[in-house]
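Trainee: Dropping the structure in here first, questions after.
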2 protein chains.
Amino acid sequence: MRIARGFALLPVLALLGAAPAPGDAVAEVDPFIGVDWGGGAFVGAAVPFGMVKLGPDMESFDGVPTKFGYRSAGRILGFSHTHLSGAAGKYGNIRVMPASGPLDMTDLASPRSAESDAPGYYTSKLTRPDVRAELTADARAGVHRYTFLSARPAHLTVRIDQMLSKSPGPEDQRFLGGSVHLASRHEIDGMGRYAGGWNMGGEYRVYFALVTDRDASGVRSWTGGAPSAGKDVTVSGDHPLGAVLDFGAHAGQTVTARVGLSFVSIHQARHNALAAAGFDATRAAATARWRRALAPITVDGGTPAQRRELYTALYHVMLLPTDRTGENPNWQSGEPYYDDYYTLWDTFRSQWPLLTLIAPDRSRDMVRSLIDIYRHDGWLPDGRSGNINGRTQGGSNADVVIADAFVKGLRGIDYRTALQAVLKDATVSPENPQKEGRGGLPDYLGKGYISTRYERAGSRTVEYAYDDYAIAELACGLGRDDLARAFAKRAGNWANLWDRSLSVEGVSGFLRPRNPDGSWAAPYLVERGTWPDFMYEADIWTYSLYAPQDVARLIGLSGGKAGFIKRLDTLFDHGHFDMGNEPGFLIPMLYHWAGRPDLSVDRIIAYRERDFTDRRAGIPGNDDAGAMSSWLIFQMLGFYPVAGQDVYLIGSPVFPRSTIDLGEGKRLTILAEGLGSDTTARYVQSAELNGKPLDRAWFRQSEIADGGTLRLHMGSAPSTWGTATPPPSLSDGAQFDHCPSADG
Amino acid sequence: MRIARGFALLPVLALLGAAPAPGDAVAEVDPFIGVDWGGGAFVGAAVPFGMVKLGPDMESFDGVPTKFGYRSAGRILGFSHTHLSGAAGKYGNIRVMPASGPLDMTDLASPRSAESDAPGYYTSKLTRPDVRAELTADARAGVHRYTFLSARPAHLTVRIDQMLSKSPGPEDQRFLGGSVHLASRHEIDGMGRYAGGWNMGGEYRVYFALVTDRDASGVRSWTGGAPSAGKDVTVSGDHPLGAVLDFGAHAGQTVTARVGLSFVSIHQARHNALAAAGFDATRAAATARWRRALAPITVDGGTPAQRRELYTALYHVMLLPTDRTGENPNWQSGEPYYDDYYTLWDTFRSQWPLLTLIAPDRSRDMVRSLIDIYRHDGWLPDGRSGNINGRTQGGSNADVVIADAFVKGLRGIDYRTALQAVLKDATVSPENPQKEGRGGLPDYLGKGYISTRYERAGSRTVEYAYDDYAIAELACGLGRDDLARAFAKRAGNWANLWDRSLSVEGVSGFLRPRNPDGSWAAPYLVERGTWPDFMYEADIWTYSLYAPQDVARLIGLSGGKAGFIKRLDTLFDHGHFDMGNEPGFLIPMLYHWAGRPDLSVDRIIAYRERDFTDRRAGIPGNDDAGAMSSWLIFQMLGFYPVAGQDVYLIGSPVFPRSTIDLGEGKRLTILAEGLGSDTTARYVQSAELNGKPLDRAWFRQSEIADGGTLRLHMGSAPSTWGTATPPPSLSDGAQFDHCPSADG
């Protein structure tokens, strides 16, 4: 960064946002946390929820780019403009790479050194071309700055035909063709057509315009072999496609390129490129946006590593979905448009509740975009990427997202249309149940469970039951008591697959497949894979405990509190819990319902401390658009949402003081008194909420909606606090007895 | 700590050793690393290899002390004087606990706060009696200092009848009886008799003498019910047994107690108590001893967390075995006497080679003690604790320990007697093969493998083959070429269980059980447990690769280098590798023999970075007397021993510069040039050893025995360095062709 002499250094730095001050949350973020071991966290430059995520894509062992883009070792193939975070196999489009010396467009990969990354800014030295690469981004454009350190002929290349996970597998991406237009000696634009990826979506088009800050000595297109000067090209099908700008051989020369992206048109891509500021100003603006985005959570105390974990997790939570408002090629509306819900099955459990708490306007816009997708595509999405719904995993999880927003009082949402949308999920069979809606619905509606006739029968049944509970909440709140009661009844359907006699490792009662005639099929004792299967990405230990609407009934089916505790202990102690996948997110806290919040705390701390660290291996599985990170954030703050309900469970904070800005001047402060720097003083001994004793190990959204103070007194030995009043359950009764009158 | 006014502060602190200076390795140690998730690292106060390890024992959920002693949460039951580290179910003897107010000897447990631990010093506040507890130790005595903060009647209690893992299970400990003698108003002595524990050992006796720095108002013994003033007691069998010293009710009063231990006599326990200095002097001496013990490894650079991990690991490596020279109740000799080899199966792979490198005199004494145990007990131990051999796990691993010392030129050892000892292992069936020697020897000698007639037939066969290789080395070095050739031949026995046709997950060729008639038995495809079983604590993926003496042959049996690499990749990628158990320690580096040290590096870094952290969950399994920690130390330094051979494999250092003091003024310096602060520049591009190019990814002890410099040039992309010359293998030939002439 260049600082004009004569300026006082610190104010300029603060203005540019490039050198965060001590205590600045931006400085706490380490984007390398969770890149290894399948965490797959994004590395590069982006703004919160930005459409452009510009980052390096690495060579894999066999020359094929990795599915995630970034790897800790290996050579950089180039810097592409679209990425997910914590999820694999989509995007990596419009790959830019500098080169020096003789040019071979098919052999550009370079080792790197001196790599660093921060919110909105990435840099590394590419040792082969001897180039310092710097990346920054605004929402719709990436800005690249390359400093050619040696006096060799310099090139800036762009490849359209390459992207992540390009291979012929069913979950891989395909290049369908595209075009390159050499607009001038400082501008190339064009378009690529892609399809596939994990969500098996159809074609999506990425338009781009690359504008450099200086004229090249030559501009050439490339379709294999030697690049051709001054020739526009279009290819159809998977053929080489790219372009190169050539510069002279001057040691120390810098080329800055603004690359605008669009999903609508080259015209808009060009607009997005030209709307981007210069490198330093773009970087400063990106830093400032991150500073605002991270501001709602402030903490006192904790170790540097803990603060790094917290703010990096918060950064991860705000990378996806992507705000593509105005970039929707399929319809136009005045509503916000977000893409890359990847997927709601991952994010509904804690990422959405977190955003609803700390970024309610963002959450509102995202829910509105879901409803607008329903209006125009006919269905709420579960996964959605490349402007296409798909794929479904567990249930129709948007139902829970909407209910969560509703019970938490999120305003500015057309809940009546939302009710139509979730009712469609619940009552209409979709044409393609891998894309949207609920598969196996005829069984579910007719029998109250899904039989072996359908794949994912077990996980679908229990997820649909919870989705139905969510619909009951929404219906009740909108005065549709008829619907509310009907769906509250359906919310008990999960138990229709419960086989009391099935006993495994000393625990009795598990979900079990049923044949279409209602008889039991063979138990599902060995998890075979993810699809097709009786359960999706988890086993009977996990899904048999998936009834957040009625844990009291789960306890009854497990032989009472003692039996339930033994079941949970067995699950954990026998290694059936997987912190690295979302279906189990709530399980460590189920002890709360059995009156043993201390046992929840032991499990939470065990996994929080072992599986989440401030290292490259610091996320225990795919971060899944920030889903894993959001679990960590809540558990570090000391509470955790029961997604879809206005209930938070109290755990064990990491920080002696945390403050959450709820917007509109409201603040929730969590004080953990007696907390040491370790995890010894982990158990709540007593608590006050807003100055009044709180003897429950949980609280409601309504109790903190206007902010307040939760004061926890911590100690090293379990206490009787929070043991008497468990969190609510459907079978406690009365939940849907008093819905408002119709249209009330 | 009290500092007399008028003294300059810093020199006094340095003298006392209580406040380590910046850069002091002692200050880098965090004994809480690896206490959770089964790491089981010792918490408390001890000196290197000290007989007394004084630390807190915690209440478990059901009131029974945990098997490890320490837990991160829960109440402290008291402070006992004997502990293992990273291993469970033995010791926890002579438990001291302060109390205040009305006394109930059966209800003393207290929550704690403000807990901290450092080498040689532990403190916490016991909130129930309102007492600040401080512990320190010398080799044979624990020194306790209790400050009673409230003006309540103060008590110092001791329980003889309690210890870790006291219950009737076969691997639990039993209390057999003991005695308490009220010697004066400031002295209690006595003895406890114990048996059992994980090693299922017979009776061991712990004598103690507790001497306070001031007279109590009363001294009482306790055998249940109310304590009795002035009465000595002896119990036989499992009955309550303890004592209490009563003090007045003075807020702020301090009681210091020196507790001498002995395994020989009360007289010696009393001597050990009285030989201990005051609290502050003992603490200063303990700190100074740790400073010397940690000094042989110095590093430049790395993060604070990395230095903390390194020095804590080094601390863990120096807790066991325990130096009990002069405390052997079974025989007297002029040789060193060490106990708590717990177990050699865990430690021979890297803990011993590390000590041989950085503490050769210690290693020499430990080997001498093994040989002296053979002289008097008739057998080398594998596990040994409580002065009793047992139990055996894999092979007769002392054979490898001795060979490792021998090939590395460790002097001052009676290798001729050692050869007799290992030959006895190899040729004589022990009376109790769970205690010592080799089980299944008749099969092994007659058939060249162990059949299904014996338990652990698979792991024993492959371990015995490597033990035989170790014997061949020793025999060769001692000029017994006849023996060397015979045992070199036996070293190929592992392949007698190799079934080329057994194919699992696309990999062909695995170890397989054979019936006594030589026919194949059913494949061992599901690991059932640890004992009895075909393999001990690991599966066919791990043990089929256990032939460190002949990886070249393993490669041949796996279809050549490509097949071998595919086998290793499958093992790792399908989750068959367990970083948390020792049998697989070498597997991440087996790629070296296939000419792909870069792939070794990727695996090493993956596990080093994910499974080892500076957290309470920072050791992936039982530390096993420092075995896990020693793996980490080598891999952080950037090389790893092939235990039992004079070969080290080069990996990927964490520190840009490390220096290892080899003793006698010799230093080995490892320079990693181009290393960043992350794991990006992980691959060696080229290397020099002592100024000369080194194109191998390994070196020999003889090349560094006089110290030197290993200079590694690091980069972010794999290179061809080290790919051409694999480490040695038995089937390369010539290894035992040129033994010295007899007695040469």
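Convention: chains lettered A, B, ... in structure tokens order; per-chain residue numbering from 1; ligands numbered from 1 as shown.
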Find the residues of chain A in contact range of chain B, meaning any atom within 6 Å when counting only C-alpha atoms, and list them as a VMD selection string.

Mentor: chain A and resid 72 to 75 111 to 112 610 617 680 716 to 717

Trainee: How would the residues just chosen look if you wrote them out with C-alpha atoms as a short mmCIF file (atom, residue, chain, number, x, y, z; two decimals), in the first residue's frame?

Mentor:
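Final output, again28.cif:
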```cif
data_model
loop_
_atom_site.label_atom_id
_atom_site.label_comp_id
_atom_site.auth_asym_id
_atom_site.auth_seq_id
_atom_site.Cartn_x
_atom_site.Cartn_y
_atom_site.Cartn_z
CA SER A 72 -2.55 -25.51 2.05
CA ALA A 73 0.06 -27.03 -0.21
CA GLY A 74 0.63 -27.32 -3.92
CA ARG A 75 0.68 -24.92 -6.84
CA PRO A 111 4.36 -22.49 -6.24
CA ARG A 112 3.71 -19.68 -3.82
CA ARG A 610 -11.23 -30.65 20.67
CA ALA A 617 -7.60 -28.10 10.67
CA THR A 680 -12.67 -25.55 34.86
CA SER A 716 -16.09 -26.00 38.83
CA ALA A 717 -18.60 -28.50 40.20
#
```

Trainee: Can you tell me, as a count of residues only, what residues are no more than 8 Å from region 49-55 of chain B when counting only C-alpha atoms, ignoring any on the same chain fewer than 6 positions away?

Mentor: 27

Trainee: Write down as a PyMOL selection string the residues belonging to region 366-483 of chain B that are assigned alpha helix (DSSP H) by DSSP computed on the backbone.

Mentor: chain B and resi 366-377+398-407+415-427+441-447+457-477+481-483

Trainee: Counting only C-alpha atoms, what is within 12 Å of Pro360 (chain A), bar same-chain residues fewer than 2 positions away, as number ranges by chain?

Mentor: A: 293, 296, 352-358, 362-367, 404-406, 408-413, 661-664, 705

Trainee: Keeping only N, CA and C atoms, write the selected residues as a PDB file, in the first residue's frame.

Mentor:
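Result file is part.pdb:
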```pdb
ATOM      1  N   ALA A 293     -19.755  -5.509   9.665  1.00  0.00           N
ATOM      2  CA  ALA A 293     -20.447  -6.808   9.737  1.00  0.00           C
ATOM      3  C   ALA A 293     -20.087  -7.566  11.013  1.00  0.00           C
ATOM      4  N   PRO A 296     -21.442  -6.546  15.566  1.00  0.00           N
ATOM      5  CA  PRO A 296     -22.508  -6.860  16.532  1.00  0.00           C
ATOM      6  C   PRO A 296     -22.097  -7.754  17.696  1.00  0.00           C
ATOM      7  N   TRP A 352     -28.796 -19.444  10.446  1.00  0.00           N
ATOM      8  CA  TRP A 352     -29.936 -18.531  10.309  1.00  0.00           C
ATOM      9  C   TRP A 352     -30.323 -17.918  11.655  1.00  0.00           C
ATOM     10  N   PRO A 353     -30.496 -18.716  12.704  1.00  0.00           N
ATOM     11  CA  PRO A 353     -30.833 -18.084  13.988  1.00  0.00           C
ATOM     12  C   PRO A 353     -29.793 -17.058  14.432  1.00  0.00           C
ATOM     13  N   LEU A 354     -28.522 -17.307  14.106  1.00  0.00           N
ATOM     14  CA  LEU A 354     -27.505 -16.327  14.481  1.00  0.00           C
ATOM     15  C   LEU A 354     -27.691 -15.028  13.706  1.00  0.00           C
ATOM     16  N   LEU A 355     -27.896 -15.141  12.409  1.00  0.00           N
ATOM     17  CA  LEU A 355     -28.083 -13.929  11.601  1.00  0.00           C
ATOM     18  C   LEU A 355     -29.350 -13.190  12.021  1.00  0.00           C
ATOM     19  N   THR A 356     -30.394 -13.931  12.358  1.00  0.00           N
ATOM     20  CA  THR A 356     -31.626 -13.286  12.812  1.00  0.00           C
ATOM     21  C   THR A 356     -31.369 -12.481  14.082  1.00  0.00           C
ATOM     22  N   LEU A 357     -30.449 -12.977  14.898  1.00  0.00           N
ATOM     23  CA  LEU A 357     -30.133 -12.285  16.143  1.00  0.00           C
ATOM     24  C   LEU A 357     -29.249 -11.059  15.909  1.00  0.00           C
ATOM     25  N   ILE A 358     -28.202 -11.225  15.099  1.00  0.00           N
ATOM     26  CA  ILE A 358     -27.201 -10.152  14.995  1.00  0.00           C
ATOM     27  C   ILE A 358     -27.319  -9.330  13.723  1.00  0.00           C
ATOM     28  N   ARG A 362     -30.512  -8.377   7.345  1.00  0.00           N
ATOM     29  CA  ARG A 362     -29.980  -9.346   6.393  1.00  0.00           C
ATOM     30  C   ARG A 362     -30.854 -10.604   6.385  1.00  0.00           C
ATOM     31  N   SER A 363     -31.179 -11.069   7.568  1.00  0.00           N
ATOM     32  CA  SER A 363     -31.990 -12.278   7.679  1.00  0.00           C
ATOM     33  C   SER A 363     -33.353 -12.056   7.030  1.00  0.00           C
ATOM     34  N   ARG A 364     -33.924 -10.896   7.293  1.00  0.00           N
ATOM     35  CA  ARG A 364     -35.218 -10.554   6.669  1.00  0.00           C
ATOM     36  C   ARG A 364     -35.110 -10.607   5.141  1.00  0.00           C
ATOM     37  N   ASP A 365     -34.077  -9.996   4.589  1.00  0.00           N
ATOM     38  CA  ASP A 365     -33.929  -9.987   3.129  1.00  0.00           C
ATOM     39  C   ASP A 365     -33.760 -11.403   2.584  1.00  0.00           C
ATOM     40  N   MET A 366     -33.037 -12.222   3.331  1.00  0.00           N
ATOM     41  CA  MET A 366     -32.834 -13.597   2.878  1.00  0.00           C
ATOM     42  C   MET A 366     -34.159 -14.369   2.891  1.00  0.00           C
ATOM     43  N   VAL A 367     -34.956 -14.169   3.942  1.00  0.00           N
ATOM     44  CA  VAL A 367     -36.256 -14.847   3.977  1.00  0.00           C
ATOM     45  C   VAL A 367     -37.145 -14.325   2.845  1.00  0.00           C
ATOM     46  N   ASP A 404     -38.719 -19.919  12.235  1.00  0.00           N
ATOM     47  CA  ASP A 404     -37.743 -19.321  13.149  1.00  0.00           C
ATOM     48  C   ASP A 404     -37.813 -17.795  13.069  1.00  0.00           C
ATOM     49  N   ALA A 405     -37.878 -17.285  11.847  1.00  0.00           N
ATOM     50  CA  ALA A 405     -37.997 -15.827  11.683  1.00  0.00           C
ATOM     51  C   ALA A 405     -39.293 -15.331  12.317  1.00  0.00           C
ATOM     52  N   PHE A 406     -40.342 -16.086  12.103  1.00  0.00           N
ATOM     53  CA  PHE A 406     -41.657 -15.656  12.590  1.00  0.00           C
ATOM     54  C   PHE A 406     -41.724 -15.632  14.110  1.00  0.00           C
ATOM     55  N   LYS A 408     -39.485 -15.385  16.140  1.00  0.00           N
ATOM     56  CA  LYS A 408     -38.556 -14.415  16.707  1.00  0.00           C
ATOM     57  C   LYS A 408     -38.925 -12.979  16.354  1.00  0.00           C
ATOM     58  N   GLY A 409     -40.081 -12.831  15.700  1.00  0.00           N
ATOM     59  CA  GLY A 409     -40.610 -11.492  15.486  1.00  0.00           C
ATOM     60  C   GLY A 409     -39.920 -10.714  14.376  1.00  0.00           C
ATOM     61  N   LEU A 410     -39.272 -11.408  13.456  1.00  0.00           N
ATOM     62  CA  LEU A 410     -38.625 -10.699  12.353  1.00  0.00           C
ATOM     63  C   LEU A 410     -39.692 -10.038  11.481  1.00  0.00           C
ATOM     64  N   ARG A 411     -39.563  -8.750  11.296  1.00  0.00           N
ATOM     65  CA  ARG A 411     -40.601  -7.988  10.581  1.00  0.00           C
ATOM     66  C   ARG A 411     -40.226  -7.765   9.117  1.00  0.00           C
ATOM     67  N   GLY A 412     -41.245  -7.316   8.345  1.00  0.00           N
ATOM     68  CA  GLY A 412     -40.991  -6.969   6.947  1.00  0.00           C
ATOM     69  C   GLY A 412     -41.036  -8.170   6.021  1.00  0.00           C
ATOM     70  N   ILE A 413     -41.741  -9.210   6.450  1.00  0.00           N
ATOM     71  CA  ILE A 413     -41.816 -10.448   5.671  1.00  0.00           C
ATOM     72  C   ILE A 413     -43.281 -10.773   5.400  1.00  0.00           C
ATOM     73  N   ASP A 661     -25.173  -7.015  19.797  1.00  0.00           N
ATOM     74  CA  ASP A 661     -25.986  -5.895  19.345  1.00  0.00           C
ATOM     75  C   ASP A 661     -27.146  -6.470  18.538  1.00  0.00           C
ATOM     76  N   LEU A 662     -28.372  -6.300  19.072  1.00  0.00           N
ATOM     77  CA  LEU A 662     -29.554  -6.865  18.417  1.00  0.00           C
ATOM     78  C   LEU A 662     -30.173  -5.881  17.422  1.00  0.00           C
ATOM     79  N   GLY A 663     -29.533  -4.742  17.240  1.00  0.00           N
ATOM     80  CA  GLY A 663     -30.087  -3.717  16.349  1.00  0.00           C
ATOM     81  C   GLY A 663     -31.013  -2.785  17.102  1.00  0.00           C
ATOM     82  N   GLU A 664     -31.266  -1.646  16.491  1.00  0.00           N
ATOM     83  CA  GLU A 664     -32.165  -0.645  17.081  1.00  0.00           C
ATOM     84  C   GLU A 664     -31.753  -0.287  18.508  1.00  0.00           C
ATOM     85  N   ALA A 705     -35.661  -9.991  23.636  1.00  0.00           N
ATOM     86  CA  ALA A 705     -35.917  -9.267  22.385  1.00  0.00           C
ATOM     87  C   ALA A 705     -35.564  -7.789  22.496  1.00  0.00           C
TER      88      ALA A 705
END
```

Trainee: Which residues come within 6 Å of region 192-200 of chain A, counting only C-alpha atoms, excluding same-chain residues fewer than 2 positions away, as a ChimeraX atom specification?

Mentor: /A:89-90,160,171-178,202-206,390-391

Trainee: Give me, as a CSV table (one decimal) with N, CA and C atoms, in the first residue's frame, all polymer residues having an atom no more than 8 Å from region 277-279 of chain A, counting only C-alpha atoms and skipping those fewer than 4 positions away in the same chain.

Mentor:
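And here is the file that came out, out18.csv:
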```csv
chain,number,residue,atom,x,y,z
A,136,THR,N,-8.4,-8.1,-4.1
A,136,THR,CA,-9.4,-7.5,-3.2
A,136,THR,C,-10.7,-7.6,-4.0
A,143,VAL,N,-10.8,-7.1,-7.8
A,143,VAL,CA,-9.7,-6.3,-8.2
A,143,VAL,C,-8.4,-7.0,-7.9
A,144,HIS,N,-7.6,-7.1,-9.0
A,144,HIS,CA,-6.3,-7.8,-8.9
A,144,HIS,C,-5.2,-6.8,-9.1
A,145,ARG,N,-4.1,-7.0,-8.3
A,145,ARG,CA,-2.9,-6.2,-8.6
A,145,ARG,C,-1.7,-7.1,-8.6
A,256,THR,N,-3.0,-3.5,-12.6
A,256,THR,CA,-4.2,-3.7,-11.8
A,256,THR,C,-5.3,-4.0,-12.8
A,283,ARG,N,-10.0,-2.1,-1.4
A,283,ARG,CA,-9.6,-2.9,-0.2
A,283,ARG,C,-10.1,-2.2,1.1
```

Trainee: Taking into account only C-alpha atoms, which residue in the set A:Val255, A:Leu730, A:Leu511, A:Ala275 is nearest to Ala488 (chain A)?

Mentor: A:Leu730

Trainee: Set the distance at 6 Å and use only C-alpha atoms: which residues neighbour region 378-386 of chain B once local chain neighbours fewer than 2 positions away are removed? I'd like the list as a ChimeraX atom specification.

Mentor: /B:204,339-344,374-376,388-392,436

Trainee: Tell me, in Å to one decimal, how far CA of Val526 (chain B) is from CA of Glu505 (chain B).

Mentor: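 Distance reported for this atom pair: 13.4 Å.
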